[in-house]
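Data block for work.cif (mmCIF, C-alpha atoms):
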```
data_my_file
#
loop_
_atom_site.group_PDB
_atom_site.id
_atom_site.type_symbol
_atom_site.label_atom_id
_atom_site.label_comp_id
_atom_site.auth_asym_id
_atom_site.auth_seq_id
_atom_site.Cartn_x
_atom_site.Cartn_y
_atom_site.Cartn_z
ATOM 1 C CA MET C 1 8.635 14.121 -15.026
ATOM 2 C CA SER C 2 10.751 11.795 -12.861
ATOM 3 C CA ARG C 3 9.208 8.937 -10.908
ATOM 4 C CA ASN C 4 9.901 10.635 -7.570
ATOM 5 C CA ARG C 5 8.355 13.916 -8.637
ATOM 6 C CA GLU C 6 5.247 12.063 -9.796
ATOM 7 C CA ILE C 7 5.023 10.292 -6.424
ATOM 8 C CA TYR C 8 5.409 13.614 -4.594
ATOM 9 C CA LYS C 9 2.674 15.148 -6.757
ATOM 10 C CA VAL C 10 0.238 12.285 -6.086
ATOM 11 C CA THR C 11 0.985 12.339 -2.359
ATOM 12 C CA LEU C 12 0.610 16.119 -2.101
ATOM 13 C CA VAL C 13 -2.802 15.967 -3.815
ATOM 14 C CA GLY C 14 -3.908 13.442 -1.205
ATOM 15 C CA GLY C 15 -2.302 15.491 1.573
ATOM 16 C CA VAL C 16 -4.224 18.636 0.673
ATOM 17 C CA ALA C 17 -7.485 16.660 0.563
ATOM 18 C CA ASN C 18 -6.691 15.112 3.951
ATOM 19 C CA VAL C 19 -5.981 18.449 5.641
ATOM 20 C CA ILE C 20 -9.237 19.939 4.347
ATOM 21 C CA LEU C 21 -11.265 16.906 5.431
ATOM 22 C CA LEU C 22 -9.448 16.622 8.750
ATOM 23 C CA LEU C 23 -10.492 20.121 9.820
ATOM 24 C CA PHE C 24 -13.999 19.840 8.370
ATOM 25 C CA LYS C 25 -14.689 16.453 10.002
ATOM 26 C CA PHE C 26 -13.467 17.469 13.449
ATOM 27 C CA ILE C 27 -15.625 20.603 13.381
ATOM 28 C CA ALA C 28 -18.615 18.672 12.026
ATOM 29 C CA GLY C 29 -18.111 15.861 14.534
ATOM 30 C CA VAL C 30 -17.927 18.189 17.533
ATOM 31 C CA LEU C 31 -20.699 20.576 16.481
ATOM 32 C CA GLY C 32 -22.820 17.731 15.104
ATOM 33 C CA HIS C 33 -22.374 15.555 18.228
ATOM 34 C CA SER C 34 -21.256 12.533 16.191
ATOM 35 C CA ALA C 35 -18.838 9.946 17.585
ATOM 36 C CA ALA C 36 -18.652 8.292 14.163
ATOM 37 C CA MET C 37 -17.632 11.577 12.527
ATOM 38 C CA VAL C 38 -14.963 12.268 15.152
ATOM 39 C CA ALA C 39 -13.639 8.739 14.520
ATOM 40 C CA ASP C 40 -13.668 9.493 10.803
ATOM 41 C CA ALA C 41 -11.701 12.681 11.477
ATOM 42 C CA VAL C 42 -9.070 10.661 13.345
ATOM 43 C CA HIS C 43 -8.856 8.410 10.306
ATOM 44 C CA SER C 44 -8.195 11.454 8.118
ATOM 45 C CA LEU C 45 -5.476 12.506 10.551
ATOM 46 C CA SER C 46 -3.822 9.114 10.091
ATOM 47 C CA ASP C 47 -4.088 9.633 6.319
ATOM 48 C CA PHE C 48 -2.176 12.881 6.631
ATOM 49 C CA VAL C 49 0.516 11.203 8.746
ATOM 50 C CA THR C 50 0.973 8.500 6.120
ATOM 51 C CA ASP C 51 1.284 11.155 3.399
ATOM 52 C CA VAL C 52 4.256 12.556 5.307
ATOM 53 C CA VAL C 53 5.719 9.052 5.721
ATOM 54 C CA VAL C 54 5.468 8.422 1.969
ATOM 55 C CA LEU C 55 7.154 11.733 1.096
ATOM 56 C CA VAL C 56 10.060 11.083 3.471
ATOM 57 C CA PHE C 57 10.668 7.420 2.688
ATOM 58 C CA VAL C 58 10.260 7.663 -1.085
ATOM 59 C CA ARG C 59 12.980 10.330 -1.108
ATOM 60 C CA ILE C 60 15.264 7.953 0.790
ATOM 61 C CA SER C 61 14.391 4.942 -1.386
ATOM 62 C CA ALA C 62 15.344 6.899 -4.525
ATOM 63 C CA LYS C 63 18.975 7.223 -3.428
ATOM 64 C CA PRO C 64 21.400 5.236 -5.607
ATOM 65 C CA LYS C 65 23.509 2.342 -4.389
ATOM 66 C CA ASP C 66 26.289 3.267 -2.011
ATOM 67 C CA LYS C 67 29.008 1.612 0.057
ATOM 68 C CA SER C 68 26.605 0.546 2.812
ATOM 69 C CA HIS C 69 23.666 -0.345 0.517
ATOM 70 C CA ASP C 70 24.877 -2.585 -2.308
ATOM 71 C CA TYR C 71 21.297 -3.328 -3.386
ATOM 72 C CA GLY C 72 20.116 0.284 -3.188
ATOM 73 C CA HIS C 73 17.548 1.831 -0.839
ATOM 74 C CA GLY C 74 14.348 0.366 -2.315
ATOM 75 C CA LYS C 75 13.367 -1.377 0.925
ATOM 76 C CA TYR C 76 12.623 2.023 2.475
ATOM 77 C CA GLU C 77 9.539 2.227 0.253
ATOM 78 C CA THR C 78 8.446 -1.174 1.585
ATOM 79 C CA LEU C 79 9.109 0.089 5.112
ATOM 80 C CA ALA C 80 6.841 3.059 4.393
ATOM 81 C CA MET C 81 4.042 0.685 3.361
ATOM 82 C CA THR C 82 4.530 -1.307 6.567
ATOM 83 C CA MET C 83 4.432 1.835 8.710
ATOM 84 C CA ILE C 84 1.196 2.888 7.015
ATOM 85 C CA GLY C 85 -0.242 -0.515 7.940
ATOM 86 C CA VAL C 86 0.783 -0.030 11.581
ATOM 87 C CA VAL C 87 -0.771 3.457 11.728
ATOM 88 C CA LEU C 88 -3.998 2.160 10.203
ATOM 89 C CA PHE C 89 -4.169 -0.731 12.670
ATOM 90 C CA VAL C 90 -3.684 1.519 15.709
ATOM 91 C CA VAL C 91 -6.292 3.973 14.433
ATOM 92 C CA ALA C 92 -8.755 1.138 13.815
ATOM 93 C CA ILE C 93 -8.396 -0.270 17.322
ATOM 94 C CA GLY C 94 -8.991 3.182 18.789
ATOM 95 C CA ILE C 95 -12.127 3.658 16.688
ATOM 96 C CA ILE C 96 -13.503 0.234 17.668
ATOM 97 C CA TYR C 97 -12.819 0.867 21.371
ATOM 98 C CA SER C 98 -14.503 4.270 21.326
ATOM 99 C CA GLY C 99 -17.586 2.997 19.484
ATOM 100 C CA THR C 100 -17.894 -0.094 21.677
ATOM 101 C CA THR C 101 -17.762 2.044 24.818
ATOM 102 C CA LYS C 102 -20.696 4.142 23.598
ATOM 103 C CA ILE C 103 -22.681 1.048 22.620
ATOM 104 C CA VAL C 104 -22.198 -0.377 26.126
ATOM 105 C CA LEU C 105 -23.401 2.904 27.634
ATOM 106 C CA TRP C 106 -26.503 2.770 25.409
ATOM 107 C CA ILE C 107 -27.204 -0.842 26.441
ATOM 108 C CA ASN C 108 -26.979 0.250 30.085
ATOM 109 C CA GLY C 109 -29.705 2.802 29.515
ATOM 110 C CA GLU C 110 -27.725 5.975 28.824
ATOM 111 C CA THR C 111 -29.169 8.279 26.189
ATOM 112 C CA LEU C 112 -26.861 9.060 23.272
ATOM 113 C CA GLU C 113 -27.119 12.475 21.674
ATOM 114 C CA ALA C 114 -28.373 12.360 18.088
ATOM 115 C CA PRO C 115 -25.887 13.667 15.496
ATOM 116 C CA GLY C 116 -26.707 16.751 13.440
ATOM 117 C CA MET C 117 -27.060 17.328 9.681
ATOM 118 C CA LEU C 118 -23.622 18.986 9.539
ATOM 119 C CA ALA C 119 -22.024 15.635 10.402
ATOM 120 C CA LEU C 120 -24.029 13.899 7.657
ATOM 121 C CA TRP C 121 -22.969 16.437 5.039
ATOM 122 C CA ALA C 122 -19.344 16.070 6.109
ATOM 123 C CA ALA C 123 -19.558 12.304 5.612
ATOM 124 C CA LEU C 124 -21.117 12.627 2.152
ATOM 125 C CA ILE C 125 -18.518 15.155 0.986
ATOM 126 C CA SER C 126 -15.748 12.933 2.344
ATOM 127 C CA ILE C 127 -17.031 9.904 0.381
ATOM 128 C CA VAL C 128 -16.919 11.768 -2.929
ATOM 129 C CA LEU C 129 -13.563 13.463 -2.346
ATOM 130 C CA LYS C 130 -11.668 10.462 -0.948
ATOM 131 C CA GLU C 131 -12.983 8.028 -3.563
ATOM 132 C CA GLY C 132 -11.733 10.430 -6.223
ATOM 133 C CA VAL C 133 -8.297 10.675 -4.595
ATOM 134 C CA TYR C 134 -8.197 6.851 -4.256
ATOM 135 C CA ARG C 135 -8.847 6.306 -7.968
ATOM 136 C CA TYR C 136 -6.287 8.922 -8.984
ATOM 137 C CA SER C 137 -3.653 7.495 -6.596
ATOM 138 C CA MET C 138 -4.234 3.888 -7.676
ATOM 139 C CA VAL C 139 -3.808 4.754 -11.364
ATOM 140 C CA LYS C 140 -0.547 6.511 -10.558
ATOM 141 C CA ALA C 141 0.624 3.684 -8.268
ATOM 142 C CA ARG C 142 0.321 1.208 -11.129
ATOM 143 C CA GLU C 143 1.991 3.560 -13.598
ATOM 144 C CA LEU C 144 4.891 4.159 -11.194
ATOM 145 C CA ASN C 145 4.984 0.617 -9.743
ATOM 146 C CA SER C 146 5.074 2.111 -6.236
ATOM 147 C CA GLN C 147 4.179 0.050 -3.161
ATOM 148 C CA ALA C 148 3.995 3.150 -0.978
ATOM 149 C CA VAL C 149 1.615 5.014 -3.293
ATOM 150 C CA GLU C 150 -0.570 1.915 -3.624
ATOM 151 C CA ALA C 151 -0.689 1.521 0.158
ATOM 152 C CA ASN C 152 -1.587 5.184 0.496
ATOM 153 C CA ALA C 153 -4.285 4.775 -2.167
ATOM 154 C CA TRP C 154 -5.877 2.018 -0.095
ATOM 155 C CA HIS C 155 -5.676 4.339 2.891
ATOM 156 C CA HIS C 156 -7.745 6.856 0.889
ATOM 157 C CA ARG C 157 -10.215 4.116 -0.099
ATOM 158 C CA SER C 158 -10.531 2.997 3.532
ATOM 159 C CA ASP C 159 -11.343 6.591 4.466
ATOM 160 C CA ALA C 160 -14.019 6.737 1.750
ATOM 161 C CA LEU C 161 -15.581 3.506 3.023
ATOM 162 C CA SER C 162 -15.193 4.747 6.576
ATOM 163 C CA SER C 163 -17.189 7.846 5.644
ATOM 164 C CA MET C 164 -19.783 5.668 3.907
ATOM 165 C CA GLY C 165 -20.358 3.682 7.085
ATOM 166 C CA THR C 166 -20.368 6.913 9.045
ATOM 167 C CA ALA C 167 -22.995 8.426 6.721
ATOM 168 C CA ILE C 168 -25.250 5.375 7.133
ATOM 169 C CA GLY C 169 -24.942 5.482 10.914
ATOM 170 C CA ILE C 170 -25.443 9.223 11.180
ATOM 171 C CA GLY C 171 -28.324 9.201 8.693
ATOM 172 C CA GLY C 172 -30.043 6.391 10.582
ATOM 173 C CA ALA C 173 -29.559 8.152 13.906
ATOM 174 C CA ILE C 174 -30.999 11.377 12.484
ATOM 175 C CA PHE C 175 -33.966 10.113 10.476
ATOM 176 C CA LEU C 176 -35.083 7.085 12.525
ATOM 177 C CA GLY C 177 -35.447 8.899 15.810
ATOM 178 C CA GLN C 178 -33.855 8.971 19.277
ATOM 179 C CA ARG C 179 -34.094 5.216 19.901
ATOM 180 C CA TRP C 180 -31.737 4.624 16.927
ATOM 181 C CA THR C 181 -28.933 6.998 17.944
ATOM 182 C CA VAL C 182 -26.876 3.873 18.730
ATOM 183 C CA LEU C 183 -26.434 3.451 14.949
ATOM 184 C CA ASP C 184 -23.792 6.198 15.059
ATOM 185 C CA PRO C 185 -21.305 4.287 17.310
ATOM 186 C CA ILE C 186 -22.250 0.989 15.629
ATOM 187 C CA ALA C 187 -21.193 2.528 12.320
ATOM 188 C CA SER C 188 -17.873 3.581 13.843
ATOM 189 C CA VAL C 189 -17.217 0.001 15.019
ATOM 190 C CA VAL C 190 -18.003 -1.430 11.572
ATOM 191 C CA VAL C 191 -15.696 1.145 10.010
ATOM 192 C CA GLY C 192 -12.967 0.230 12.484
ATOM 193 C CA ALA C 193 -13.300 -3.469 11.628
ATOM 194 C CA PHE C 194 -12.908 -2.736 7.943
ATOM 195 C CA ILE C 195 -9.803 -0.643 8.585
ATOM 196 C CA VAL C 196 -8.308 -3.534 10.596
ATOM 197 C CA LYS C 197 -8.614 -5.773 7.526
ATOM 198 C CA VAL C 198 -6.952 -3.216 5.253
ATOM 199 C CA SER C 199 -4.114 -2.689 7.746
ATOM 200 C CA VAL C 200 -3.510 -6.423 8.173
ATOM 201 C CA ASP C 201 -3.264 -6.875 4.397
ATOM 202 C CA LEU C 202 -0.713 -4.058 4.163
ATOM 203 C CA LEU C 203 1.289 -5.427 7.095
ATOM 204 C CA ARG C 204 1.302 -8.941 5.675
ATOM 205 C CA ASN C 205 2.670 -7.736 2.328
ATOM 206 C CA GLY C 206 5.122 -5.253 3.825
ATOM 207 C CA ILE C 207 6.544 -7.596 6.445
ATOM 208 C CA GLY C 208 6.705 -10.387 3.867
ATOM 209 C CA ASP C 209 8.884 -8.267 1.588
ATOM 210 C CA LEU C 210 11.060 -7.065 4.468
ATOM 211 C CA MET C 211 11.584 -10.711 5.468
ATOM 212 C CA GLU C 212 12.722 -11.573 1.910
ATOM 213 C CA GLN C 213 9.479 -13.254 0.865
ATOM 214 C CA SER C 214 9.684 -14.752 -2.626
ATOM 215 C CA LEU C 215 7.785 -13.270 -5.553
ATOM 216 C CA PRO C 216 4.387 -14.862 -6.354
ATOM 217 C CA ASP C 217 4.476 -18.288 -8.001
ATOM 218 C CA ALA C 218 3.056 -16.903 -11.240
ATOM 219 C CA ILE C 219 5.950 -14.465 -11.612
ATOM 220 C CA GLU C 220 8.557 -17.127 -10.797
ATOM 221 C CA GLU C 221 7.026 -19.447 -13.395
ATOM 222 C CA GLU C 222 7.096 -16.598 -15.909
ATOM 223 C CA ILE C 223 10.801 -15.991 -15.194
ATOM 224 C CA LEU C 224 11.665 -19.655 -15.761
ATOM 225 C CA HIS C 225 9.612 -19.716 -18.975
ATOM 226 C CA LEU C 226 11.324 -16.578 -20.309
ATOM 227 C CA VAL C 227 14.809 -17.946 -19.688
ATOM 228 C CA ALA C 228 13.990 -21.386 -21.084
ATOM 229 C CA SER C 229 12.644 -19.772 -24.279
ATOM 230 C CA LEU C 230 16.065 -18.341 -25.211
ATOM 231 C CA PRO C 231 17.840 -19.917 -28.202
ATOM 232 C CA GLY C 232 20.118 -22.789 -27.255
ATOM 233 C CA ASP C 233 19.737 -25.526 -24.709
ATOM 234 C CA VAL C 234 19.326 -23.405 -21.542
ATOM 235 C CA LYS C 235 17.898 -25.102 -18.459
ATOM 236 C CA PRO C 236 17.115 -22.643 -15.638
ATOM 237 C CA HIS C 237 16.802 -23.904 -12.051
ATOM 238 C CA ASP C 238 17.491 -22.967 -8.409
ATOM 239 C CA LEU C 239 15.516 -19.731 -8.844
ATOM 240 C CA CYS C 240 15.557 -17.286 -5.915
ATOM 241 C CA THR C 241 13.495 -14.070 -5.965
ATOM 242 C CA ARG C 242 12.494 -11.169 -3.741
ATOM 243 C CA ARG C 243 11.368 -7.552 -3.936
ATOM 244 C CA LEU C 244 13.680 -4.575 -3.522
ATOM 245 C CA GLY C 245 11.170 -1.763 -3.076
ATOM 246 C CA ASN C 246 9.578 -1.174 -6.481
ATOM 247 C CA HIS C 247 11.737 -3.637 -8.425
ATOM 248 C CA TYR C 248 12.733 -7.303 -8.343
ATOM 249 C CA ALA C 249 15.848 -9.242 -7.395
ATOM 250 C CA ILE C 250 16.286 -12.441 -9.416
ATOM 251 C CA GLU C 251 19.007 -15.053 -8.941
ATOM 252 C CA LEU C 252 19.113 -18.348 -10.830
ATOM 253 C CA HIS C 253 21.360 -21.090 -12.211
ATOM 254 C CA ILE C 254 21.455 -22.252 -15.838
ATOM 255 C CA LEU C 255 22.774 -25.573 -17.133
ATOM 256 C CA MET C 256 24.955 -25.438 -20.279
ATOM 257 C CA ASP C 257 27.165 -27.768 -22.241
ATOM 258 C CA GLY C 258 30.376 -28.217 -20.255
ATOM 259 C CA ASP C 259 32.477 -27.990 -23.423
ATOM 260 C CA VAL C 260 31.518 -24.445 -24.391
ATOM 261 C CA SER C 261 34.087 -21.689 -23.954
ATOM 262 C CA LEU C 262 34.097 -19.312 -21.008
ATOM 263 C CA ARG C 263 33.188 -16.454 -23.372
ATOM 264 C CA GLU C 264 30.146 -18.347 -24.702
ATOM 265 C CA ALA C 265 28.989 -19.112 -21.171
ATOM 266 C CA HIS C 266 29.451 -15.459 -20.196
ATOM 267 C CA ASP C 267 27.570 -14.237 -23.256
ATOM 268 C CA LYS C 268 24.649 -16.565 -22.519
ATOM 269 C CA ALA C 269 24.488 -15.366 -18.889
ATOM 270 C CA SER C 270 24.497 -11.760 -20.128
ATOM 271 C CA GLU C 271 21.702 -12.627 -22.562
ATOM 272 C CA VAL C 272 19.616 -13.958 -19.675
ATOM 273 C CA GLU C 273 20.275 -10.805 -17.632
ATOM 274 C CA ASP C 274 19.373 -8.511 -20.544
ATOM 275 C CA LEU C 275 16.150 -10.437 -21.207
ATOM 276 C CA LEU C 276 14.972 -10.237 -17.602
ATOM 277 C CA ARG C 277 15.864 -6.537 -17.256
ATOM 278 C CA LYS C 278 14.064 -5.755 -20.500
ATOM 279 C CA HIS C 279 10.962 -7.565 -19.221
ATOM 280 C CA TYR C 280 10.938 -6.410 -15.565
ATOM 281 C CA GLY C 281 12.773 -3.067 -15.753
ATOM 282 C CA GLU C 282 16.342 -1.860 -15.956
ATOM 283 C CA GLU C 283 16.587 -1.606 -12.164
ATOM 284 C CA THR C 284 15.995 -5.354 -11.780
ATOM 285 C CA HIS C 285 18.837 -7.064 -9.904
ATOM 286 C CA VAL C 286 19.799 -10.212 -11.843
ATOM 287 C CA ALA C 287 22.512 -12.735 -10.949
ATOM 288 C CA VAL C 288 23.097 -15.766 -13.179
ATOM 289 C CA HIS C 289 25.291 -18.735 -12.241
ATOM 290 C CA VAL C 290 26.360 -21.017 -15.092
ATOM 291 C CA GLU C 291 26.762 -24.755 -14.402
ATOM 292 C CA PRO C 292 28.072 -27.489 -16.731
ATOM 293 C CA LYS C 293 25.734 -30.374 -17.599
#
```

Go ahead and express the file in the form of structure tokens.
Amino acid sequence: MSRNREIYKVTLVGGVANVILLLFKFIAGVLGHSAAMVADAVHSLSDFVTDVVVLVFVRISAKPKDKSHDYGHGKYETLAMTMIGVVLFVVAIGIIYSGTTKIVLWINGETLEAPGMLALWAALISIVLKEGVYRYSMVKARELNSQAVEANAWHHRSDALSSMGTAIGIGGAIFLGQRWTVLDPIASVVVGAFIVKVSVDLLRNGIGDLMEQSLPDAIEEEILHLVASLPGDVKPHDLCTRRLGNHYAIELHILMDGDVSLREAHDKASEVEDLLRKHYGEETHVAVHVEPK
């Protein structure tokens, strides 16, 4: 099965789970009088939106190089990850605002309605289902080396943790009595804060790649070590790296004896390119500049 079809399959599994939970949570939140559960339902709605984003942008990123995209369309997958981060951040701020408003009302003496058992059951079911989808998506993200699928997996995990906080708040509000109904909106605020962290991490990575951020130091050191280990006196330097969606772009200079023939220099540069593509994938963009000592 092709990489794109695998990504579509993973995303559709998550999408089906999100639609089921979205409807169940909204109904449970409204009928169970739970602000935390309604906030959790909004989170599931954002999950569904990001599933659509992944499906659309992965299809675009899979297009081959063309006249207007000499390096391919891989950045669209990075853009999808960044958009998921933005959606998560907006959702989180809305959840925090809603929960804070209810907490302020409670502090001012207003009675908050206790949530019902339906809302608690919805939270528990959501924890199990979304944690399962997270684990499945993360395994596939690593197999497929997909930023978008990994970002979406974390979105599923954030929903599972969101539901965990929701369950604690709802359970406390139900079993500890009327004076503890404030635990429900408190749980929604805690959930919102966690989602902010996840979204910021996704945005930092996505924006970094879109702004041509270099690969991690460990990978750059590995590249230099690989090239230097080739037979012959090859001295790599002036390394430049970046991500192009799910693969790397590597550009570097190598020092060689100035008396070697042009063919020998070309063959050595090709050897470097073949080595790096074999190690990091055939789609790796490699450019080698040969300099005389």

Inset, instruction - Would you mind listing what lies within 12 Å of Val52 in chain C as a ChimeraX atom specification, with all atoms listed in the file counted and same-chain residues fewer than 6 positions away left out? - result: /C:7-8,11-12,14-16,18-19,45-46,58-59,80,83-84,148-149,152

Dump of C-alpha atoms for the selected residues, as a PDB file, in the frame of the given file:
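Result saved to part.pdb:
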```pdb
ATOM      1  CA  ILE C   7       5.023  10.292  -6.424  1.00  0.00           C
ATOM      2  CA  TYR C   8       5.409  13.614  -4.594  1.00  0.00           C
ATOM      3  CA  THR C  11       0.985  12.339  -2.359  1.00  0.00           C
ATOM      4  CA  LEU C  12       0.610  16.119  -2.101  1.00  0.00           C
ATOM      5  CA  GLY C  14      -3.908  13.442  -1.205  1.00  0.00           C
ATOM      6  CA  GLY C  15      -2.302  15.491   1.573  1.00  0.00           C
ATOM      7  CA  VAL C  16      -4.224  18.636   0.673  1.00  0.00           C
ATOM      8  CA  ASN C  18      -6.691  15.112   3.951  1.00  0.00           C
ATOM      9  CA  VAL C  19      -5.981  18.449   5.641  1.00  0.00           C
ATOM     10  CA  LEU C  45      -5.476  12.506  10.551  1.00  0.00           C
ATOM     11  CA  SER C  46      -3.822   9.114  10.091  1.00  0.00           C
ATOM     12  CA  VAL C  58      10.260   7.663  -1.085  1.00  0.00           C
ATOM     13  CA  ARG C  59      12.980  10.330  -1.108  1.00  0.00           C
ATOM     14  CA  ALA C  80       6.841   3.059   4.393  1.00  0.00           C
ATOM     15  CA  MET C  83       4.432   1.835   8.710  1.00  0.00           C
ATOM     16  CA  ILE C  84       1.196   2.888   7.015  1.00  0.00           C
ATOM     17  CA  ALA C 148       3.995   3.150  -0.978  1.00  0.00           C
ATOM     18  CA  VAL C 149       1.615   5.014  -3.293  1.00  0.00           C
ATOM     19  CA  ASN C 152      -1.587   5.184   0.496  1.00  0.00           C
TER      20      ASN C 152
END
```

Inset, instruction - Could you tell me which residues the PyMOL selection byres ((chain C and resi 172) around 10) grabs in this file, written as a PyMOL selection string? - result: chain C and resi 114-115+166-171+173-178+180-184+187

Inset, instruction - Fewer than 4 positions away in the same chain doesn't count, so skip those; otherwise give me all residues within 6 Å of Thr241 in chain C, counting only C-alpha atoms, as a PyMOL selection string. - result: chain C and resi 214-215+249-250

Inset, instruction - For each of C:Gly85, C:Ile103, C:Glu283, C:Ala122, take the minimum atom-to-atom distance to Lys65 in chain C, counting all atoms listed in the file, then give the residue where this is smallest. - result: C:Glu283

Legend entry - Length of the CA of Ser162 in chain C to CA of Gly208 in chain C vector [Å]: 26.8 Å

Inset, instruction - Considering all atoms listed in the file, return as number ranges by chain whatever protein or nucleic-acid residues lie within 10 Å of Lys130 in chain C, sequence-local ones (same chain, fewer than 5 positions apart) excluded. - result: C: 14, 17-18, 21, 44, 125, 135-136, 153, 155-161, 163

Inset, instruction - Give as a list in words the residues that the PyMOL selection byres ((chain C and resi 270) around 12) matches when applied to the coordinates above. - result: Val227, Leu230, Ile254, Arg263, Glu264, Ala265, His266, Asp267, Lys268, Ala269, Glu271, Val272, Glu273, Asp274, Leu275, Leu276, Arg277, Val286, Ala287, Val288, His289 and Val290 of chain C
